[in-house]
Amino acid sequence: MSTLTGKRVAILATDGVEEVELTQPRKAVEDAGATTEIVSLSDDAIQAMNGDIVPAGTYPVDKVASKVSADDYDALLLPGGTVNADRLRMDADVLTFVKDVFAAGKPVGVICHGPWTLVEADLVRGRTLTSFPSLRTDIRNAGGTVVDEEVVTDRGLVSSRNPDDLPAFCAKVVEEFAEGPHKVHDEGATS
């Protein structure tokens, strides 16, 4: 199946990314025909982890967040990993890029600790999503509604809780990314 042929997907990640949450969604969208690029804080290769503490593979970076635009991509993936998500949410260029992706109505897939970046960018207000349990208070405090489900889709935003949810997450990401942009509201939320 090549439902994503011609689409470009940014994968926003840095050191500490949970390896399986990077590799499985990447494979899913590439198998569906998309081209992916890892966007990070610098052009140094990133160190992936297993379970946040066991070093896994390293992955080359294609682009630096300070030099990309939402116009460069059709969709965005935000894998988890506690350290990865914490580093990304503190970077002004990352926040600008993510806000611009949402403002353009482009679909986004986020898993595990990935929603921390969305919380920091004030993009969960009025949305329903899921995450790793330790982020749920942050999401509620930022105006989002949290549910404990395998995969949740809310106006182009696909979210899942952890690596166990990857089969459902990957399938839904491919489906949403194939749909393309969603209607953008004044506040930047999509429908």
# chains A, B, ... in the order shown; residues from 1 in each chain; ligands from 1
>>> residues_around(residues="region 165-179 of chain A", least_positions_apart="6", cutoff="12 Å", atoms="only C-alpha atoms", output="VMD selection string")
chain A and resid 1 to 10 19 to 34 73 to 80 105 to 112 130 to 132 148 to 159
>>> residues_around(residues="Ser69 (chain A)", least_positions_apart="5", cutoff="9 Å", atoms="only C-alpha atoms", output="list in words")
Phe97, Asp100 and Val101 of chain A
>>> select_by_dssp(residues="region 50-136 of chain A", states="strand (DSSP E or B)", output="JSON, numbers by chain")
{"A": [50, 54, 55, 56, 57, 58, 59, 63, 64, 75, 76, 77, 78, 108, 109, 110, 111, 128, 129]}
>>> atom_distance(atom1="CA of Thr14 (chain A)", atom2="CA of Thr145 (chain A)")
27.0 Å
>>> closest_atom_pairs(of="region 100-161 of chain A", to="region 86-90 of chain A", cutoff="12 Å", atoms="only C-alpha atoms", output="JSON lines")
{"residue": "A:His113", "atom": "CA", "partner": "A:Asp86", "partner_atom": "CA", "distance": 8.4}
{"residue": "A:Gly114", "atom": "CA", "partner": "A:Asp86", "partner_atom": "CA", "distance": 8.8}
{"residue": "A:Pro115", "atom": "CA", "partner": "A:Arg89", "partner_atom": "CA", "distance": 9.2}
{"residue": "A:Trp116", "atom": "CA", "partner": "A:Arg89", "partner_atom": "CA", "distance": 6.4}
{"residue": "A:Thr117", "atom": "CA", "partner": "A:Arg89", "partner_atom": "CA", "distance": 4.4}
{"residue": "A:Leu118", "atom": "CA", "partner": "A:Arg89", "partner_atom": "CA", "distance": 7.8}
{"residue": "A:Val119", "atom": "CA", "partner": "A:Arg89", "partner_atom": "CA", "distance": 8.3}
{"residue": "A:Glu120", "atom": "CA", "partner": "A:Arg89", "partner_atom": "CA", "distance": 5.9}
{"residue": "A:Ala121", "atom": "CA", "partner": "A:Arg89", "partner_atom": "CA", "distance": 7.7}
{"residue": "A:Asp122", "atom": "CA", "partner": "A:Arg89", "partner_atom": "CA", "distance": 10.9}
{"residue": "A:Leu135", "atom": "CA", "partner": "A:Asp86", "partner_atom": "CA", "distance": 11.3}
>>> closest_residue(among="A:Ala142, A:Leu12, A:Val98, A:Val124", to="Asp62 (chain A)", atoms="only C-alpha atoms")
A:Leu12
>>> atom_distance(atom1="CA of Ala104 (chain A)", atom2="CA of Ala70 (chain A)")
7.5 Å
>>> closest_residue(among="A:Asp164, A:Asp91, A:Asp138, A:Asp15", to="Ala56 (chain A)", atoms="only C-alpha atoms")
A:Asp15
>>> select_by_dssp(residues="region 118-167 of chain A", states="helix (DSSP H, G or I)", output="list in words")
Leu118, Val119, Glu120, Pro133, Ser134, Leu135, Arg136, Thr137, Asp138, Ile139, Arg140, Asn141, Pro163, Asp164, Asp165, Leu166 and Pro167 of chain A
>>> atom_distance(atom1="CA of Glu37 (chain A)", atom2="CA of Lys67 (chain A)")
12.8 Å
>>> decode(residues="region 43-57 of chain A", atoms="all heavy atoms", output="compact mmCIF listing (two decimals), in the first residue's frame")
# COMPACT_ATOMS: atom_id res chain seq x y z
N ASP A 43 22.96 18.97 14.32
CA ASP A 43 23.12 17.99 13.24
C ASP A 43 23.94 16.77 13.67
O ASP A 43 24.26 15.92 12.85
CB ASP A 43 23.70 18.64 11.99
CG ASP A 43 25.02 19.35 12.24
OD1 ASP A 43 25.60 19.19 13.33
OD2 ASP A 43 25.47 20.05 11.32
N ASP A 44 24.23 16.65 14.95
CA ASP A 44 24.91 15.46 15.47
C ASP A 44 23.93 14.29 15.50
O ASP A 44 22.75 14.48 15.78
CB ASP A 44 25.42 15.70 16.89
CG ASP A 44 26.48 16.79 16.95
OD1 ASP A 44 27.22 16.97 15.96
OD2 ASP A 44 26.55 17.49 17.99
N ALA A 45 24.43 13.07 15.28
CA ALA A 45 23.60 11.88 15.38
C ALA A 45 22.97 11.81 16.77
O ALA A 45 23.57 12.26 17.75
CB ALA A 45 24.43 10.63 15.11
N ILE A 46 21.76 11.28 16.84
CA ILE A 46 21.07 11.18 18.13
C ILE A 46 21.20 9.78 18.71
O ILE A 46 21.23 8.80 17.97
CB ILE A 46 19.59 11.60 18.04
CG1 ILE A 46 18.81 10.74 17.04
CG2 ILE A 46 19.48 13.08 17.68
CD1 ILE A 46 17.32 11.02 17.03
N GLN A 47 21.28 9.71 20.03
CA GLN A 47 21.39 8.45 20.76
C GLN A 47 20.01 8.03 21.23
O GLN A 47 19.41 8.69 22.07
CB GLN A 47 22.32 8.62 21.97
CG GLN A 47 22.41 7.41 22.87
CD GLN A 47 23.06 6.22 22.19
OE1 GLN A 47 24.19 6.30 21.75
NE2 GLN A 47 22.32 5.11 22.08
N ALA A 48 19.51 6.93 20.67
CA ALA A 48 18.23 6.39 21.11
C ALA A 48 18.43 5.54 22.35
O ALA A 48 19.55 5.11 22.66
CB ALA A 48 17.60 5.56 19.99
N MET A 49 17.34 5.30 23.07
CA MET A 49 17.38 4.52 24.31
C MET A 49 16.27 3.48 24.29
O MET A 49 15.29 3.60 23.56
CB MET A 49 17.19 5.43 25.52
CG MET A 49 18.19 6.57 25.63
SD MET A 49 19.89 6.05 25.85
CE MET A 49 19.91 5.77 27.61
N ASN A 50 16.44 2.47 25.13
CA ASN A 50 15.39 1.50 25.40
C ASN A 50 15.01 1.66 26.86
O ASN A 50 15.88 1.57 27.74
CB ASN A 50 15.87 0.07 25.14
CG ASN A 50 16.05 -0.20 23.66
OD1 ASN A 50 15.26 0.24 22.84
ND2 ASN A 50 17.11 -0.91 23.31
N GLY A 51 13.73 1.94 27.12
CA GLY A 51 13.28 2.11 28.49
C GLY A 51 13.94 3.26 29.21
O GLY A 51 14.12 3.21 30.42
N ASP A 52 14.32 4.28 28.49
CA ASP A 52 14.94 5.50 29.01
C ASP A 52 16.35 5.34 29.56
O ASP A 52 17.04 6.33 29.75
CB ASP A 52 14.10 6.15 30.13
CG ASP A 52 12.94 6.98 29.60
OD1 ASP A 52 13.04 7.50 28.48
OD2 ASP A 52 11.95 7.10 30.33
N ILE A 53 16.80 4.11 29.83
CA ILE A 53 18.10 3.98 30.51
C ILE A 53 19.12 3.09 29.80
O ILE A 53 20.29 3.12 30.13
CB ILE A 53 17.92 3.48 31.96
CG1 ILE A 53 17.19 2.14 31.99
CG2 ILE A 53 17.20 4.51 32.81
CD1 ILE A 53 17.16 1.48 33.35
N VAL A 54 18.70 2.30 28.82
CA VAL A 54 19.61 1.40 28.13
C VAL A 54 19.93 1.98 26.75
O VAL A 54 19.02 2.13 25.91
CB VAL A 54 19.00 -0.01 27.98
CG1 VAL A 54 19.96 -0.93 27.22
CG2 VAL A 54 18.65 -0.58 29.35
N PRO A 55 21.19 2.34 26.50
CA PRO A 55 21.53 2.89 25.18
C PRO A 55 21.17 1.91 24.06
O PRO A 55 21.39 0.70 24.18
CB PRO A 55 23.04 3.11 25.26
CG PRO A 55 23.31 3.27 26.73
CD PRO A 55 22.34 2.33 27.40
N ALA A 56 20.63 2.44 23.00
CA ALA A 56 20.25 1.65 21.82
C ALA A 56 21.07 2.18 20.63
O ALA A 56 22.21 2.58 20.81
CB ALA A 56 18.75 1.76 21.60
N GLY A 57 20.47 2.23 19.46
CA GLY A 57 21.18 2.69 18.28
C GLY A 57 21.34 4.20 18.22
O GLY A 57 20.73 4.95 18.98
